[in-house]
Amino acid sequence: MSYPGVGILPEGTGAIGDSWRKGCIGTGPYRVASFEPGKRLELERNPAYWREGFPKNEGVVFRFGVPPEEIRSEFLAGSFSIASDLLPADAEVLRQDPRFRATYVRARAS
């Protein structure tokens, strides 16, 4: 949870760090494996996750600052599971492609 007042802390904790990078604690399905600001966030399966059998995968990787052309090619190659911030023409091609038509979702920035 993002509100500090409802955070989960180990019993006996006297003080917490001034950022999530300094002792981040949680009960979610993933934990931070590595983080390169502005480039990459890698999450790995949390072995202490409370819901047995979950998550179903070993982890998730987020890459930041990827050019639209690379997003398209990596998505088509199967390296990316989600493609956002595409060029409009590329988004339209994917929307029309029968392989992706049923799962295509258009999201708008708020």
# chains A, B, ... in the order shown; residues from 1 in each chain; ligands from 1
$ select_by_dssp --residues "stretch 42-109 of chain A" --states "helix (DSSP H, G or I)" --output "list of chain:residue names"
A:Pro68, A:Glu69, A:Glu70, A:Ile71, A:Arg72, A:Ser73, A:Glu74, A:Phe75, A:Leu76, A:Pro88, A:Ala89, A:Asp90, A:Ala91, A:Glu92, A:Val93, A:Leu94, A:Arg95, A:Gln96, A:Arg101, A:Ala102, A:Thr103
$ residues_around --residues "stretch 41-57 of chain A" --least-positions-apart "2" --cutoff "6 Å" --atoms "only C-alpha atoms" --output "ChimeraX atom specification"
/A:27,29-35,59-62
$ closest_residue --among "A:Phe75, A:Tyr104, A:Pro68, A:Gly12" --to "A:Leu87" --atoms "only C-alpha atoms"
A:Pro68
$ select_by_dssp --residues "stretch 3-98 of chain A" --states "strand (DSSP E)" --output "list in words"
Tyr30, Arg31, Val32, Ala33, Ser34, Phe35, Glu36, Arg40, Leu41, Glu42, Leu43, Glu44, Arg45, Gly59, Val60, Val61, Phe62 and Arg63 of chain A
$ closest_residue --among "A:Arg63, A:Ser73, A:Ser81, A:Pro88" --to "A:Lys39" --atoms "only C-alpha atoms"
A:Arg63
$ atom_distance --atom1 "atom CA of A:Val66" --atom2 "atom CA of A:Pro37"
13.4 Å
$ atom_distance --atom1 "atom CA of A:Gly78" --atom2 "atom CA of A:Gly38"
22.7 Å
$ residues_around --residues "A:Arg108" --least-positions-apart "2" --cutoff "12 Å" --atoms "only C-alpha atoms" --output "NGL selection string"
:A and (84-85 or 105-106 or 110)
$ atom_distance --atom1 "atom CA of A:Phe80" --atom2 "atom CA of A:Glu92"
17.7 Å
